[in-house]
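Structure file target_11.cif (mmCIF, C-alpha atoms) follows.
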data_structure
#
loop_
_atom_site.group_PDB
_atom_site.id
_atom_site.type_symbol
_atom_site.label_atom_id
_atom_site.label_comp_id
_atom_site.auth_asym_id
_atom_site.auth_seq_id
_atom_site.Cartn_x
_atom_site.Cartn_y
_atom_site.Cartn_z
ATOM 1 C CA MET C 1 167.394 109.601 47.934
ATOM 2 C CA ILE C 2 165.920 106.128 48.443
ATOM 3 C CA ARG C 3 162.130 106.186 48.224
ATOM 4 C CA VAL C 4 160.115 104.522 50.981
ATOM 5 C CA LYS C 5 158.028 102.696 48.373
ATOM 6 C CA SER C 6 161.059 100.936 46.928
ATOM 7 C CA LEU C 7 162.229 100.024 50.417
ATOM 8 C CA MET C 8 158.802 98.570 51.140
ATOM 9 C CA GLN C 9 158.936 96.501 47.973
ATOM 10 C CA GLN C 10 162.377 95.161 48.838
ATOM 11 C CA ALA C 11 161.421 94.362 52.449
ATOM 12 C CA ASN C 12 158.050 92.721 51.610
ATOM 13 C CA PRO C 13 158.680 88.951 51.573
ATOM 14 C CA VAL C 14 155.173 88.098 50.216
ATOM 15 C CA PRO C 15 155.371 85.655 47.280
ATOM 16 C CA ALA C 16 153.198 86.145 44.225
ATOM 17 C CA GLU C 17 150.888 83.288 45.286
ATOM 18 C CA PRO C 18 150.557 82.997 49.077
ATOM 19 C CA VAL C 19 150.561 79.550 50.653
ATOM 20 C CA ARG C 20 147.205 78.424 52.024
ATOM 21 C CA PRO C 21 147.732 76.074 54.966
ATOM 22 C CA SER C 22 144.762 74.220 56.511
ATOM 23 C CA GLY C 23 142.452 75.345 53.730
ATOM 24 C CA ARG C 24 142.394 78.941 55.051
ATOM 25 C CA ARG C 25 143.309 81.834 52.806
ATOM 26 C CA ILE C 26 146.077 84.132 53.977
ATOM 27 C CA SER C 27 145.226 87.783 53.652
ATOM 28 C CA ARG C 28 147.633 89.499 51.266
ATOM 29 C CA ARG C 29 146.700 92.803 52.830
ATOM 30 C CA GLY C 30 147.862 91.671 56.275
ATOM 31 C CA LEU C 31 151.156 90.404 54.889
ATOM 32 C CA ALA C 32 151.699 93.584 52.914
ATOM 33 C CA LEU C 33 151.180 95.650 56.066
ATOM 34 C CA SER C 34 153.716 93.502 57.892
ATOM 35 C CA GLY C 35 156.208 94.172 55.094
ATOM 36 C CA ALA C 36 155.494 97.907 55.329
ATOM 37 C CA ALA C 37 156.100 97.850 59.069
ATOM 38 C CA VAL C 38 159.456 96.139 58.519
ATOM 39 C CA ALA C 39 160.428 98.726 55.909
ATOM 40 C CA VAL C 40 159.475 101.677 58.136
ATOM 41 C CA ALA C 41 161.366 100.143 61.045
ATOM 42 C CA ALA C 42 164.425 99.703 58.808
ATOM 43 C CA VAL C 43 164.269 103.366 57.759
ATOM 44 C CA VAL C 44 163.941 104.551 61.377
ATOM 45 C CA VAL C 45 166.852 102.376 62.532
ATOM 46 C CA THR C 46 168.989 103.660 59.656
ATOM 47 C CA LEU C 47 168.189 107.291 60.432
ATOM 48 C CA VAL C 48 168.916 106.868 64.146
ATOM 49 C CA THR C 49 172.166 105.076 63.377
ATOM 50 C CA VAL C 50 173.341 107.748 60.934
ATOM 51 C CA PHE C 51 172.067 110.901 62.594
ATOM 52 C CA GLY C 52 171.835 109.913 66.260
ATOM 53 C CA SER C 53 168.894 109.978 68.608
ATOM 54 C CA PRO C 54 167.305 113.288 69.659
ATOM 55 C CA GLY C 55 169.181 114.907 72.502
ATOM 56 C CA GLY C 56 172.224 112.722 71.911
ATOM 57 C CA GLY C 57 174.578 115.569 71.111
ATOM 58 C CA SER C 58 173.376 116.318 67.543
ATOM 59 C CA GLY C 59 171.190 119.393 67.690
ATOM 60 C CA GLY C 60 169.556 118.431 71.015
ATOM 61 C CA ARG C 61 170.922 118.702 74.517
ATOM 62 C CA PRO C 62 174.569 117.637 74.961
ATOM 63 C CA ALA C 63 175.226 113.916 75.187
ATOM 64 C CA GLU C 64 175.782 112.456 78.639
ATOM 65 C CA PRO C 65 179.403 111.541 79.469
ATOM 66 C CA PRO C 66 180.124 107.819 79.194
ATOM 67 C CA ALA C 67 179.682 105.766 82.343
ATOM 68 C CA ALA C 68 182.832 105.039 84.276
ATOM 69 C CA ASP C 69 184.326 101.662 83.519
ATOM 70 C CA GLU C 70 184.793 100.115 86.957
ATOM 71 C CA PRO C 71 183.265 97.076 88.620
ATOM 72 C CA TYR C 72 180.589 97.185 91.303
ATOM 73 C CA TYR C 73 180.277 94.152 93.558
ATOM 74 C CA MET C 74 176.796 93.065 94.625
ATOM 75 C CA THR C 75 177.758 90.650 97.409
ATOM 76 C CA THR C 76 180.189 90.595 100.327
ATOM 77 C CA GLY C 77 181.917 87.512 98.916
ATOM 78 C CA ASP C 78 182.481 89.071 95.486
ATOM 79 C CA LEU C 79 183.734 92.313 96.999
ATOM 80 C CA GLU C 80 186.198 90.669 99.382
ATOM 81 C CA ARG C 81 187.436 88.245 96.692
ATOM 82 C CA SER C 82 188.227 91.209 94.430
ATOM 83 C CA ALA C 83 190.793 92.497 96.944
ATOM 84 C CA ASP C 84 194.294 91.070 97.232
ATOM 85 C CA VAL C 85 194.731 92.821 100.564
ATOM 86 C CA ILE C 86 192.197 94.135 103.089
ATOM 87 C CA VAL C 87 193.690 96.323 105.816
ATOM 88 C CA ARG C 88 192.700 98.646 108.596
ATOM 89 C CA ALA C 89 194.985 101.608 108.100
ATOM 90 C CA ARG C 90 195.599 105.180 109.205
ATOM 91 C CA LEU C 91 196.010 107.696 106.399
ATOM 92 C CA VAL C 92 199.380 109.379 106.956
ATOM 93 C CA ALA C 93 199.750 111.629 103.894
ATOM 94 C CA THR C 94 198.513 112.149 100.324
ATOM 95 C CA ARG C 95 199.954 113.598 97.145
ATOM 96 C CA GLU C 96 198.451 114.267 93.714
ATOM 97 C CA ALA C 97 199.911 112.931 90.475
ATOM 98 C CA ASP C 98 198.204 113.038 87.049
ATOM 99 C CA GLY C 99 194.638 112.994 88.377
ATOM 100 C CA GLU C 100 195.437 110.325 90.951
ATOM 101 C CA THR C 101 195.833 110.534 94.696
ATOM 102 C CA ILE C 102 198.691 108.499 96.128
ATOM 103 C CA ALA C 103 197.966 107.840 99.797
ATOM 104 C CA THR C 104 200.580 106.731 102.288
ATOM 105 C CA VAL C 105 198.873 104.562 104.885
ATOM 106 C CA SER C 106 200.091 102.916 108.064
ATOM 107 C CA VAL C 107 198.719 99.386 108.494
ATOM 108 C CA VAL C 108 197.023 98.795 111.860
ATOM 109 C CA ALA C 109 195.566 95.323 111.190
ATOM 110 C CA THR C 110 195.146 92.896 108.281
ATOM 111 C CA GLY C 111 191.876 91.199 107.334
ATOM 112 C CA LYS C 112 193.035 89.458 104.141
ATOM 113 C CA GLY C 113 196.299 88.850 102.332
ATOM 114 C CA LYS C 114 199.761 89.957 103.339
ATOM 115 C CA PRO C 115 200.665 93.632 102.938
ATOM 116 C CA PRO C 116 204.245 94.292 101.799
ATOM 117 C CA GLY C 117 205.065 96.172 104.998
ATOM 118 C CA ARG C 118 203.714 98.343 107.784
ATOM 119 C CA THR C 119 203.371 101.204 105.289
ATOM 120 C CA ILE C 120 201.555 100.951 101.950
ATOM 121 C CA HIS C 121 201.097 103.381 99.082
ATOM 122 C CA ALA C 122 197.563 103.102 97.714
ATOM 123 C CA SER C 123 196.236 105.014 94.719
ATOM 124 C CA TYR C 124 192.758 106.126 93.671
ATOM 125 C CA PRO C 125 191.317 108.808 91.357
ATOM 126 C CA SER C 126 191.500 112.271 92.873
ATOM 127 C CA PRO C 127 188.165 113.714 94.006
ATOM 128 C CA GLY C 128 186.582 115.618 91.114
ATOM 129 C CA ALA C 129 189.596 115.117 88.826
ATOM 130 C CA ALA C 130 188.442 112.160 86.742
ATOM 131 C CA LEU C 131 185.632 109.782 85.918
ATOM 132 C CA PRO C 132 185.062 108.119 88.263
ATOM 133 C CA SER C 133 185.710 110.756 90.912
ATOM 134 C CA GLY C 134 187.631 109.341 93.851
ATOM 135 C CA PRO C 135 186.729 109.421 97.548
ATOM 136 C CA GLU C 136 187.664 112.269 99.860
ATOM 137 C CA LEU C 137 189.761 110.463 102.455
ATOM 138 C CA THR C 138 191.124 112.500 105.358
ATOM 139 C CA VAL C 139 194.669 112.420 106.722
ATOM 140 C CA ARG C 140 194.976 111.046 110.301
ATOM 141 C CA HIS C 141 191.697 109.116 109.973
ATOM 142 C CA GLU C 142 191.436 105.320 109.948
ATOM 143 C CA TYR C 143 189.823 103.352 107.135
ATOM 144 C CA VAL C 144 189.300 99.803 105.999
ATOM 145 C CA LEU C 145 190.925 99.642 102.563
ATOM 146 C CA LEU C 146 190.239 96.926 99.997
ATOM 147 C CA LEU C 147 193.251 96.958 97.713
ATOM 148 C CA ALA C 148 194.087 95.254 94.436
ATOM 149 C CA ARG C 149 197.726 94.670 93.549
ATOM 150 C CA MET C 150 198.571 96.203 90.180
ATOM 151 C CA ASP C 151 200.973 94.786 87.575
ATOM 152 C CA ASP C 152 203.691 97.220 88.673
ATOM 153 C CA GLY C 153 203.435 96.020 92.300
ATOM 154 C CA LYS C 154 201.580 99.076 93.549
ATOM 155 C CA TYR C 155 198.154 98.963 95.192
ATOM 156 C CA ALA C 156 194.877 100.638 94.255
ATOM 157 C CA LEU C 157 191.363 100.661 95.693
ATOM 158 C CA VAL C 158 189.227 97.901 94.126
ATOM 159 C CA ASN C 159 186.837 100.681 93.072
ATOM 160 C CA THR C 160 185.969 104.226 94.089
ATOM 161 C CA THR C 161 182.774 103.417 96.011
ATOM 162 C CA GLN C 162 183.524 100.079 97.684
ATOM 163 C CA GLY C 163 187.296 100.202 98.119
ATOM 164 C CA TYR C 164 187.124 101.979 101.463
ATOM 165 C CA TYR C 165 185.052 102.023 104.654
ATOM 166 C CA GLY C 166 185.244 104.729 107.288
ATOM 167 C CA ILE C 167 185.727 103.653 110.900
ATOM 168 C CA GLU C 168 183.431 105.087 113.541
ATOM 169 C CA ALA C 169 183.159 103.845 117.130
ATOM 170 C CA GLY C 170 184.706 100.491 116.275
ATOM 171 C CA HIS C 171 182.466 99.877 113.242
ATOM 172 C CA ALA C 172 183.247 99.888 109.520
ATOM 173 C CA LYS C 173 180.907 102.353 107.839
ATOM 174 C CA ALA C 174 180.293 102.029 104.091
ATOM 175 C CA GLY C 175 180.231 105.082 101.837
ATOM 176 C CA PRO C 176 177.001 106.601 100.492
ATOM 177 C CA ASP C 177 176.879 104.499 97.281
ATOM 178 C CA ASN C 178 177.876 101.190 98.854
ATOM 179 C CA ASP C 179 175.219 98.803 100.198
ATOM 180 C CA VAL C 180 177.575 95.859 100.766
ATOM 181 C CA ALA C 181 178.772 95.032 104.287
ATOM 182 C CA LEU C 182 182.071 93.372 105.115
ATOM 183 C CA SER C 183 182.041 89.835 106.484
ATOM 184 C CA ASP C 184 182.156 89.174 110.210
ATOM 185 C CA GLY C 185 185.427 87.262 109.766
ATOM 186 C CA VAL C 186 187.212 90.184 108.096
ATOM 187 C CA LEU C 187 185.824 92.655 110.633
ATOM 188 C CA LYS C 188 186.981 90.487 113.529
ATOM 189 C CA ALA C 189 190.483 90.208 112.044
ATOM 190 C CA LEU C 190 190.559 94.001 111.764
ATOM 191 C CA GLY C 191 189.477 94.466 115.381
ATOM 192 C CA LEU C 192 186.072 95.852 114.386
ATOM 193 C CA THR C 193 182.525 94.794 115.214
ATOM 194 C CA PRO C 194 179.680 94.347 112.702
ATOM 195 C CA LEU C 195 177.365 97.316 112.349
ATOM 196 C CA ARG C 196 173.824 95.969 112.603
ATOM 197 C CA LEU C 197 171.357 98.098 110.668
ATOM 198 C CA THR C 198 167.765 98.313 111.781
ATOM 199 C CA ARG C 199 165.217 99.112 109.102
#
Once more with this new file: its structure as structure tokens, please.
Amino acid sequence: MIRVKSLMQQANPVPAEPVRPSGRRISRRGLALSGAAVAVAAVVVTLVTVFGSPGGGSGGRPAEPPAADEPYYMTTGDLERSADVIVRARLVATREADGETIATVSVVATGKGKPPGRTIHASYPSPGAALPSGPELTVRHEYVLLLARMDDGKYALVNTTQGYYGIEAGHAKAGPDNDVALSDGVLKALGLTPLRLTR
């Protein structure tokens, strides 16, 4: 096993005769302590790298699952630009396939882009079936859907939290983890009115 003393000697960059700028003497003791701190830090980093941090799944509590790899858009412009098509649509039917929900939706109005027809198939992760868990959309309800066109020509929600808005009393209502509103222009094209929040 490598001894801490030898590590300290290797990490200590103090030359045999310290330089004395401006006529002041540099304390060898202070420089030696700096070298010791570097050596201890190197040992700690090595141990954490090899054995993992406490509670990270090695003898502590189980490691947290990795964060879902999907974008989150901070502004209205970024969110709307991420979508190839934005539609107001009624959910007609859903089916499950390999942890995904394939929704058949009937297009009521278009806010951006050109949908391929009056009916679109849009996919998203099934609720509770994957990371990230998908939204619980209800058949016969209307939603604003922000859809990205995939390489195979199919459509998918731009993400699980911002790819849909419920419609209530002529307003588009964002989901619980979405703080971004749709633009007035898109809402108008969809036949909806802006929902003004009072704080």
Contact residues around Gly191 of chain C with all atoms listed in the file at 8 Å, ignoring same-chain residues under 4 positions, as a CSV table (one decimal) with C-alpha atoms, in the coordinates of the input:
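Writing the result to selection39.csv gives the following:
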chain,number,residue,atom,x,y,z
C,109,ALA,CA,195.6,95.3,111.2
C,170,GLY,CA,184.7,100.5,116.3
C,187,LEU,CA,185.8,92.7,110.6
Inset, instruction - Fewer than 5 positions away in the same chain doesn't count, so skip those; otherwise give me all residues within 12 Å of Leu192 of chain C, counting all atoms listed in the file, as a PyMOL selection string. - result: chain C and resi 87-88+108-111+142-144+165-173+182-187
Inset, instruction - List, as a ChimeraX atom specification, every residue that the PyMOL selection byres ((chain C and resi 76) around 8) selects in the file provided. - result: /C:73-75,77-80,180-183
Legend entry - Å distance separating atom CA of Ala97 of chain C from atom CA of Asn159 of chain C, one decimal place: 18.1 Å
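With all atoms listed in the file as the basis for measurement, C:Lys112 is the residue among C:Lys154, C:Glu136, C:Lys112, C:His141 that approaches Ala83 of chain C most closely.
From atom CA of Ala89 of chain C back to atom CA of Ala103 of chain C, the distance works out to 10.8 Å.
When only C-alpha atoms are used to measure the gap to Gly153 of chain C, the shortest distance among C:Thr104, C:Ser123, C:Thr193, C:Ser82 belongs to C:Ser123.
Taking atom CA of Gly99 of chain C and atom CA of Pro127 of chain C as endpoints, the distance between them is 8.6 Å.
Here the question is which of C:Ala174, C:Leu91, C:Pro125, C:Leu157 gets nearest to Leu137 of chain C using all atoms listed in the file, and that residue is C:Leu91.
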Listed atoms of segment 75-94 of chain C boxed along x, y and z, 5 Å each side, centre and edge lengths in Å, one decimal, as AutoDock Vina command-line options:
--center_x 188.8 --center_y 99.8 --center_z 101.8 --size_x 32.0 --size_y 34.6 --size_z 24.8
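Proximity to Thr119 of chain C was assessed for C:Ala93, C:Leu190, C:Ala156, C:Val107 counting all atoms listed in the file; the smallest distance is recorded for C:Val107.
Distances to Leu131 of chain C were evaluated for C:Gly175, C:Val158, C:Thr94, C:Glu100 using all atoms listed in the file, and the minimum falls at C:Glu100.
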Is there a way to complete segment 143-160 of chain C with N, CA and C atoms and then write that out as a PDB file, in the frame of the given file?
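Result file is rebuild.pdb:
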ATOM      1  N   TYR C 143     190.745 103.924 108.120  1.00  0.00           N
ATOM      2  CA  TYR C 143     189.823 103.352 107.135  1.00  0.00           C
ATOM      3  C   TYR C 143     190.105 101.866 106.983  1.00  0.00           C
ATOM      4  N   VAL C 144     189.079 101.141 106.538  1.00  0.00           N
ATOM      5  CA  VAL C 144     189.300  99.803 105.999  1.00  0.00           C
ATOM      6  C   VAL C 144     189.502  99.996 104.505  1.00  0.00           C
ATOM      7  N   LEU C 145     190.610  99.502 103.981  1.00  0.00           N
ATOM      8  CA  LEU C 145     190.925  99.642 102.563  1.00  0.00           C
ATOM      9  C   LEU C 145     190.949  98.271 101.903  1.00  0.00           C
ATOM     10  N   LEU C 146     190.227  98.140 100.813  1.00  0.00           N
ATOM     11  CA  LEU C 146     190.239  96.926  99.997  1.00  0.00           C
ATOM     12  C   LEU C 146     191.093  97.232  98.779  1.00  0.00           C
ATOM     13  N   LEU C 147     192.244  96.586  98.707  1.00  0.00           N
ATOM     14  CA  LEU C 147     193.251  96.958  97.713  1.00  0.00           C
ATOM     15  C   LEU C 147     193.539  95.821  96.747  1.00  0.00           C
ATOM     16  N   ALA C 148     193.679  96.192  95.482  1.00  0.00           N
ATOM     17  CA  ALA C 148     194.087  95.254  94.436  1.00  0.00           C
ATOM     18  C   ALA C 148     195.543  95.549  94.083  1.00  0.00           C
ATOM     19  N   ARG C 149     196.324  94.503  93.928  1.00  0.00           N
ATOM     20  CA  ARG C 149     197.726  94.670  93.549  1.00  0.00           C
ATOM     21  C   ARG C 149     197.811  94.842  92.040  1.00  0.00           C
ATOM     22  N   MET C 150     198.447  95.902  91.590  1.00  0.00           N
ATOM     23  CA  MET C 150     198.571  96.203  90.180  1.00  0.00           C
ATOM     24  C   MET C 150     199.788  95.473  89.589  1.00  0.00           C
ATOM     25  N   ASP C 151     199.873  95.480  88.258  1.00  0.00           N
ATOM     26  CA  ASP C 151     200.973  94.786  87.575  1.00  0.00           C
ATOM     27  C   ASP C 151     202.343  95.328  87.971  1.00  0.00           C
ATOM     28  N   ASP C 152     202.398  96.622  88.305  1.00  0.00           N
ATOM     29  CA  ASP C 152     203.691  97.220  88.673  1.00  0.00           C
ATOM     30  C   ASP C 152     204.015  97.038  90.157  1.00  0.00           C
ATOM     31  N   GLY C 153     203.177  96.276  90.885  1.00  0.00           N
ATOM     32  CA  GLY C 153     203.435  96.020  92.300  1.00  0.00           C
ATOM     33  C   GLY C 153     202.803  97.020  93.246  1.00  0.00           C
ATOM     34  N   LYS C 154     202.240  98.086  92.699  1.00  0.00           N
ATOM     35  CA  LYS C 154     201.580  99.076  93.549  1.00  0.00           C
ATOM     36  C   LYS C 154     200.162  98.617  93.868  1.00  0.00           C
ATOM     37  N   TYR C 155     199.504  99.320  94.780  1.00  0.00           N
ATOM     38  CA  TYR C 155     198.154  98.963  95.192  1.00  0.00           C
ATOM     39  C   TYR C 155     197.177 100.075  94.848  1.00  0.00           C
ATOM     40  N   ALA C 156     195.938  99.674  94.554  1.00  0.00           N
ATOM     41  CA  ALA C 156     194.877 100.638  94.255  1.00  0.00           C
ATOM     42  C   ALA C 156     193.579 100.130  94.873  1.00  0.00           C
ATOM     43  N   LEU C 157     192.675 101.058  95.198  1.00  0.00           N
ATOM     44  CA  LEU C 157     191.363 100.661  95.693  1.00  0.00           C
ATOM     45  C   LEU C 157     190.664  99.794  94.648  1.00  0.00           C
ATOM     46  N   VAL C 158     189.909  98.778  95.081  1.00  0.00           N
ATOM     47  CA  VAL C 158     189.227  97.901  94.126  1.00  0.00           C
ATOM     48  C   VAL C 158     188.216  98.668  93.278  1.00  0.00           C
ATOM     49  N   ASN C 159     187.616  99.698  93.828  1.00  0.00           N
ATOM     50  CA  ASN C 159     186.837 100.681  93.072  1.00  0.00           C
ATOM     51  C   ASN C 159     186.619 101.912  93.939  1.00  0.00           C
ATOM     52  N   THR C 160     186.049 102.948  93.383  1.00  0.00           N
ATOM     53  CA  THR C 160     185.969 104.226  94.089  1.00  0.00           C
ATOM     54  C   THR C 160     184.859 104.283  95.132  1.00  0.00           C
TER      55      THR C 160
END
